[in-house]
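Before any comments, here is the structure.
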Amino acid sequence: MIPFSTFTLDNGLQVLVHEDPTVQIAVMNILYNVGSRDEQPDKTGFAHLFEHLMFGGSLNIPSYDEPLQQVGGENNAFTNTDITNYYLTVPASNLETGFWLESDRMLSLSFDPAVLEVQRKVVVEEFKQRYLNQPYGDVWLKIRPLAYKTHPYQWATIGKEISHIENATMDDVKDFFFTHYIPNNAILVVAGNVTHEQVKGLAEKWFGPIPVGIKKPRQLAREPLQTAKRTLTVNAKVPAHALYKSYHMQGRFNNDFYVAELLSDILSRGQSSRLYNQLVKEKKIFTSISSFTMGSIDPGMFVISGRLSPGITPEVGEEELEKVIQTLLKEGLKPGELQKVKNQSLTAMEFEKVEVINRAMNLAFAALSGDADLINREGDLIESVTAEDIVRVGNEIFKEENSNVLYYHSKTKEEN
């Protein structure tokens with residue numbers, strides 16, 4: 001159980017407080033309700049660009065990192081399809097430094113052209129190194145537009161193409177900032193050796209004066225039901241053939257998400273899982289294989305991917321994969337199989353809660369669902385999943401007409 005209290009400032013900033021007097025630190029986590037799904041098709045990669053820009057100095061503080069480091073603090077951030085999340089840790093006695101820093105960059109970035117140019121180059125280089133010049137790096141640049149035809153999940157968080165960031169103007173940057181990085185589009189969680197009254201006083205002092213922003217309604221294109229299998233074959237200079245098969249599934253805040261998570265664990269969690277045991281250990285079709293859910297808020301993807309053994313093509317690998325899936329759907333689960341993955345999942349959740357920063361992050365994300373207490377109900381939701389649920393959801397997801405397959409072929413030496 002993670003206890004918390006909550007209040008909302010007049011400007012719309014939602015604040016949650018998790019008190020833990022047993023630690024000596026304080027954590028601030030600010031979740032902005034903006035991700036790559038909020039970008040325009042011709043201006044992608046902006047949410048990720050802002051993950052970098054937000055550390056480039058603000059209106060009254062030219063350097064974000066320096067004052068934080070001087071009080072023994074640490075910080076980081078991440079962006080995905082749905083959210084942009086910033087977090088910092090400080091000694092509890094220096095909590096106000098965090099409020100000062102975070103409120104000033106919410107108030108306004110410096111919008112220094114030099115900072116934009118530096119971060120633009122950083123992001124472009126990251127695009128090249130991680131997505132274009134690395135074996136299998138372009139996988140998500142290909143899978144997403146294969147699976148999504150209308151929803152903005154069709155592009156990766158890094159963006160559709162480099163030119164969108166290369167051509168970003170200062171006006172583009174300012175428009176994106178003042179549309180999304182506003183108090184009424186954010187959730188602040190303060191956790192650790194803090195009190196509710198202390199946090200409320202600091203929040204009103206530092207964030208209260210920030211004016212409410214004009215929050216535009218989110219109008220995302222709904223992805224239509226997929227009615228036919230889609231495939232794409234790629235030939236590239238990679239070490240081995242690979243297979244990537246994705247299926248549409250329910251979003252993160254749907255109860256069936258927990259069923260899909262456990263289904264994924266049954267298939268590939270650990271060396272006793274079905275896919276590893278049958279396709280890696282016994283038949284030696286794959287050298288490695290995994291399955292996972294994307295965990296996106298809107299309907300997302302269930303992905304199965306693996307590297308093939310020498311001499312085995314991705315097409316053959318897919319045939320063998322389907323045999324394992326169909327056996328599960330027809331014969332159901334083995335005794336104890338579901339309880340095993342439940343125990344693994346619940347244990348992982350408890351270990352994750354040891355770190356205050358993880359509690360703060362998960363509390364912010366739960367609050368985004370509209371019910372912050374979801375963080376305390378997830379264990380019960382996992383426990384309530386039945387073997388019948390696994391087969392039911394498996395039959396809904398693992399339809400061939402619901403699949404998108406990337407056959408990633410390794411070029412031979414002669415072809416290279």
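Identifiers in the structure tokens: chain A, B, ... in order shown; residue index from 1 per chain; ligand index from 1 in order shown.
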- Considering only C-alpha atoms, return as a ChimeraX atom specification whatever protein or nucleic-acid residues lie within 7 Å of segment 147-158 of chain A, sequence-local ones (same chain, fewer than 6 positions apart) excluded. /A:36-37,45,48,80-81,127,140-141,220-223,404
- Task: as a PyMOL selection string, please: all residues of segment 51-229 of chain A that backbone DSSP puts in helix (DSSP H, G or I).
- Result: chain A and resi 51-53+65-70+92-107+113-132+139-147+152-154+162-166+170-180+183-185+196-206
- Using only C-alpha atoms, which residues sit within 8 Å of segment 89-105 of chain A once same-chain residues fewer than 5 positions away are excluded, as a list in words?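 Returned residues: Gln24, Ile25, Ala26, Val27, Met28, Met54, Gly57, Ser58, Leu59, Asn60, Ile61, Tyr64, Pro67, Leu68, Val71, Gly72, Gly73, Glu74, Asn75, Gly192, Asn193, Val194, Leu202, Ala203, Trp206, Phe207, Ile210 and Ile357 of chain A.
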Can those selected residues be exported to a file as an mmCIF file, in the first residue's frame so that it contains N, CA, C and O atoms?
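Dumped to part_7.cif:
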data_model
loop_
_atom_site.group_PDB
_atom_site.id
_atom_site.type_symbol
_atom_site.label_atom_id
_atom_site.label_comp_id
_atom_site.auth_asym_id
_atom_site.auth_seq_id
_atom_site.Cartn_x
_atom_site.Cartn_y
_atom_site.Cartn_z
ATOM 1 N N GLN A 24 15.820 9.644 3.921
ATOM 2 C CA GLN A 24 16.402 10.972 4.120
ATOM 3 C C GLN A 24 16.343 11.842 2.871
ATOM 4 O O GLN A 24 16.902 12.929 2.840
ATOM 5 N N ILE A 25 15.664 11.363 1.847
ATOM 6 C CA ILE A 25 15.610 12.082 0.585
ATOM 7 C C ILE A 25 14.190 12.553 0.276
ATOM 8 O O ILE A 25 13.222 12.122 0.902
ATOM 9 N N ALA A 26 14.121 13.431 -0.705
ATOM 10 C CA ALA A 26 12.836 13.864 -1.252
ATOM 11 C C ALA A 26 12.916 13.727 -2.770
ATOM 12 O O ALA A 26 13.960 13.967 -3.374
ATOM 13 N N VAL A 27 11.824 13.324 -3.346
ATOM 14 C CA VAL A 27 11.746 13.116 -4.796
ATOM 15 C C VAL A 27 10.659 14.003 -5.363
ATOM 16 O O VAL A 27 9.575 14.135 -4.778
ATOM 17 N N MET A 28 10.950 14.635 -6.492
ATOM 18 C CA MET A 28 9.934 15.373 -7.242
ATOM 19 C C MET A 28 9.805 14.731 -8.616
ATOM 20 O O MET A 28 10.805 14.522 -9.312
ATOM 21 N N MET A 54 14.411 21.098 -22.063
ATOM 22 C CA MET A 54 14.031 21.499 -20.710
ATOM 23 C C MET A 54 15.225 21.554 -19.749
ATOM 24 O O MET A 54 15.111 22.062 -18.631
ATOM 25 N N GLY A 57 18.203 25.486 -19.601
ATOM 26 C CA GLY A 57 18.080 26.786 -18.937
ATOM 27 C C GLY A 57 16.680 27.344 -19.068
ATOM 28 O O GLY A 57 15.984 27.119 -20.052
ATOM 29 N N SER A 58 16.269 28.087 -18.048
ATOM 30 C CA SER A 58 14.929 28.675 -18.047
ATOM 31 C C SER A 58 15.037 30.181 -17.865
ATOM 32 O O SER A 58 16.121 30.757 -17.859
ATOM 33 N N LEU A 59 13.909 30.829 -17.712
ATOM 34 C CA LEU A 59 13.840 32.285 -17.703
ATOM 35 C C LEU A 59 14.799 32.928 -16.704
ATOM 36 O O LEU A 59 15.505 33.878 -17.021
ATOM 37 N N ASN A 60 14.848 32.404 -15.481
ATOM 38 C CA ASN A 60 15.667 33.007 -14.427
ATOM 39 C C ASN A 60 16.859 32.158 -14.003
ATOM 40 O O ASN A 60 17.650 32.582 -13.156
ATOM 41 N N ILE A 61 16.970 30.952 -14.582
ATOM 42 C CA ILE A 61 18.041 30.031 -14.179
ATOM 43 C C ILE A 61 18.765 29.541 -15.435
ATOM 44 O O ILE A 61 18.263 28.671 -16.145
ATOM 45 N N TYR A 64 20.336 24.474 -15.357
ATOM 46 C CA TYR A 64 19.468 23.665 -14.503
ATOM 47 C C TYR A 64 20.296 22.743 -13.610
ATOM 48 O O TYR A 64 20.046 22.619 -12.411
ATOM 49 N N PRO A 67 22.887 24.213 -10.043
ATOM 50 C CA PRO A 67 22.376 24.421 -8.680
ATOM 51 C C PRO A 67 21.855 23.131 -8.044
ATOM 52 O O PRO A 67 21.929 22.975 -6.821
ATOM 53 N N LEU A 68 21.364 22.204 -8.869
ATOM 54 C CA LEU A 68 20.879 20.939 -8.320
ATOM 55 C C LEU A 68 22.044 20.108 -7.793
ATOM 56 O O LEU A 68 21.971 19.529 -6.699
ATOM 57 N N VAL A 71 23.494 21.086 -4.342
ATOM 58 C CA VAL A 71 22.798 20.647 -3.121
ATOM 59 C C VAL A 71 22.709 19.125 -3.046
ATOM 60 O O VAL A 71 21.940 18.566 -2.262
ATOM 61 N N GLY A 72 23.506 18.444 -3.882
ATOM 62 C CA GLY A 72 23.558 16.979 -3.827
ATOM 63 C C GLY A 72 22.415 16.288 -4.529
ATOM 64 O O GLY A 72 22.076 15.145 -4.185
ATOM 65 N N GLY A 73 21.828 16.968 -5.509
ATOM 66 C CA GLY A 73 20.693 16.392 -6.213
ATOM 67 C C GLY A 73 21.067 15.698 -7.515
ATOM 68 O O GLY A 73 22.147 15.902 -8.069
ATOM 69 N N GLU A 74 20.160 14.862 -8.000
ATOM 70 C CA GLU A 74 20.291 14.183 -9.285
ATOM 71 C C GLU A 74 18.983 14.314 -10.034
ATOM 72 O O GLU A 74 17.913 14.524 -9.450
ATOM 73 N N ASN A 75 19.045 14.195 -11.366
ATOM 74 C CA ASN A 75 17.821 14.323 -12.156
ATOM 75 C C ASN A 75 17.931 13.544 -13.446
ATOM 76 O O ASN A 75 19.019 13.178 -13.882
ATOM 77 N N GLY A 192 8.805 11.028 -0.230
ATOM 78 C CA GLY A 192 9.980 10.886 0.627
ATOM 79 C C GLY A 192 9.759 11.504 1.994
ATOM 80 O O GLY A 192 8.633 11.533 2.513
ATOM 81 N N ASN A 193 10.823 12.051 2.561
ATOM 82 C CA ASN A 193 10.762 12.635 3.899
ATOM 83 C C ASN A 193 10.183 14.050 3.828
ATOM 84 O O ASN A 193 10.885 15.051 4.011
ATOM 85 N N VAL A 194 8.894 14.097 3.531
ATOM 86 C CA VAL A 194 8.173 15.358 3.361
ATOM 87 C C VAL A 194 6.829 15.238 4.076
ATOM 88 O O VAL A 194 6.414 14.154 4.475
ATOM 89 N N LEU A 202 5.004 24.886 -0.391
ATOM 90 C CA LEU A 202 6.002 25.096 -1.435
ATOM 91 C C LEU A 202 5.359 25.136 -2.820
ATOM 92 O O LEU A 202 5.765 25.926 -3.679
ATOM 93 N N ALA A 203 4.347 24.303 -3.015
ATOM 94 C CA ALA A 203 3.679 24.284 -4.316
ATOM 95 C C ALA A 203 2.964 25.606 -4.578
ATOM 96 O O ALA A 203 3.029 26.160 -5.683
ATOM 97 N N TRP A 206 5.767 28.369 -5.258
ATOM 98 C CA TRP A 206 6.562 28.311 -6.477
ATOM 99 C C TRP A 206 5.747 28.052 -7.748
ATOM 100 O O TRP A 206 6.045 28.598 -8.812
ATOM 101 N N PHE A 207 4.727 27.217 -7.651
ATOM 102 C CA PHE A 207 3.940 26.900 -8.848
ATOM 103 C C PHE A 207 2.649 27.720 -8.929
ATOM 104 O O PHE A 207 2.123 27.938 -10.018
ATOM 105 N N ILE A 210 2.223 30.615 -11.507
ATOM 106 C CA ILE A 210 2.293 30.313 -12.938
ATOM 107 C C ILE A 210 0.876 30.350 -13.513
ATOM 108 O O ILE A 210 -0.025 29.669 -13.011
ATOM 109 N N ILE A 357 11.747 6.827 -5.770
ATOM 110 C CA ILE A 357 11.535 7.407 -7.090
ATOM 111 C C ILE A 357 10.557 6.572 -7.907
ATOM 112 O O ILE A 357 9.731 7.112 -8.648
#
- Query: Excluding same-chain residues fewer than 4 positions from Val122 of chain A, what lies within 12 Å of it counting only C-alpha atoms, as number ranges by chain?
  - Reply: A: 48-53, 115-118, 126-130, 158, 162, 165-166
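A straight line drawn from atom CA of Ala348 of chain A to atom CA of Ile382 of chain A is 12.3 Å long.
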- DSSP-assigned strand (DSSP E or B) members of segment 78-193 of chain A, reported as a PyMOL selection string: chain A and resi 78-79+84-91+109+186-192
Write a file of the selected residues as a JSON list (two decimals), in the first residue's frame, keeping C-alpha atoms.
[["chain", "number", "residue", "atom", "x", "y", "z"],
["A", 78, "PHE", "CA", 12.18, 10.22, -20.37],
["A", 79, "THR", "CA", 9.65, 10.57, -23.15],
["A", 84, "THR", "CA", 7.08, 13.27, -20.85],
["A", 85, "ASN", "CA", 8.39, 12.65, -17.34],
["A", 86, "TYR", "CA", 10.98, 14.64, -15.36],
["A", 87, "TYR", "CA", 12.27, 13.59, -11.97],
["A", 88, "LEU", "CA", 14.85, 14.65, -9.42],
["A", 89, "THR", "CA", 16.14, 13.48, -6.06],
["A", 90, "VAL", "CA", 17.55, 15.79, -3.36],
["A", 91, "PRO", "CA", 18.37, 15.57, 0.34],
["A", 109, "LEU", "CA", 12.20, 28.17, -20.99],
["A", 186, "ALA", "CA", 0.87, 18.33, -15.49],
["A", 187, "ILE", "CA", 0.90, 16.07, -12.45],
["A", 188, "LEU", "CA", 3.42, 16.71, -9.67],
["A", 189, "VAL", "CA", 4.28, 13.99, -7.16],
["A", 190, "VAL", "CA", 6.48, 14.79, -4.16],
["A", 191, "ALA", "CA", 7.59, 11.79, -2.15],
["A", 192, "GLY", "CA", 9.98, 10.89, 0.63]]
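Restricting the calculation to only C-alpha atoms, the smallest distance between Asn33 of chain A and any of A:Thr179, A:Thr233, A:Asn362, A:Gln278 is found for A:Thr179.
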- Message: Taking 6 positions as the minimum chain separation for residues in the same chain, which residues sit within 8 Å of Pro135 of chain A when counting only C-alpha atoms? Answer as an NGL selection string.
- Response: :A and (237-239)
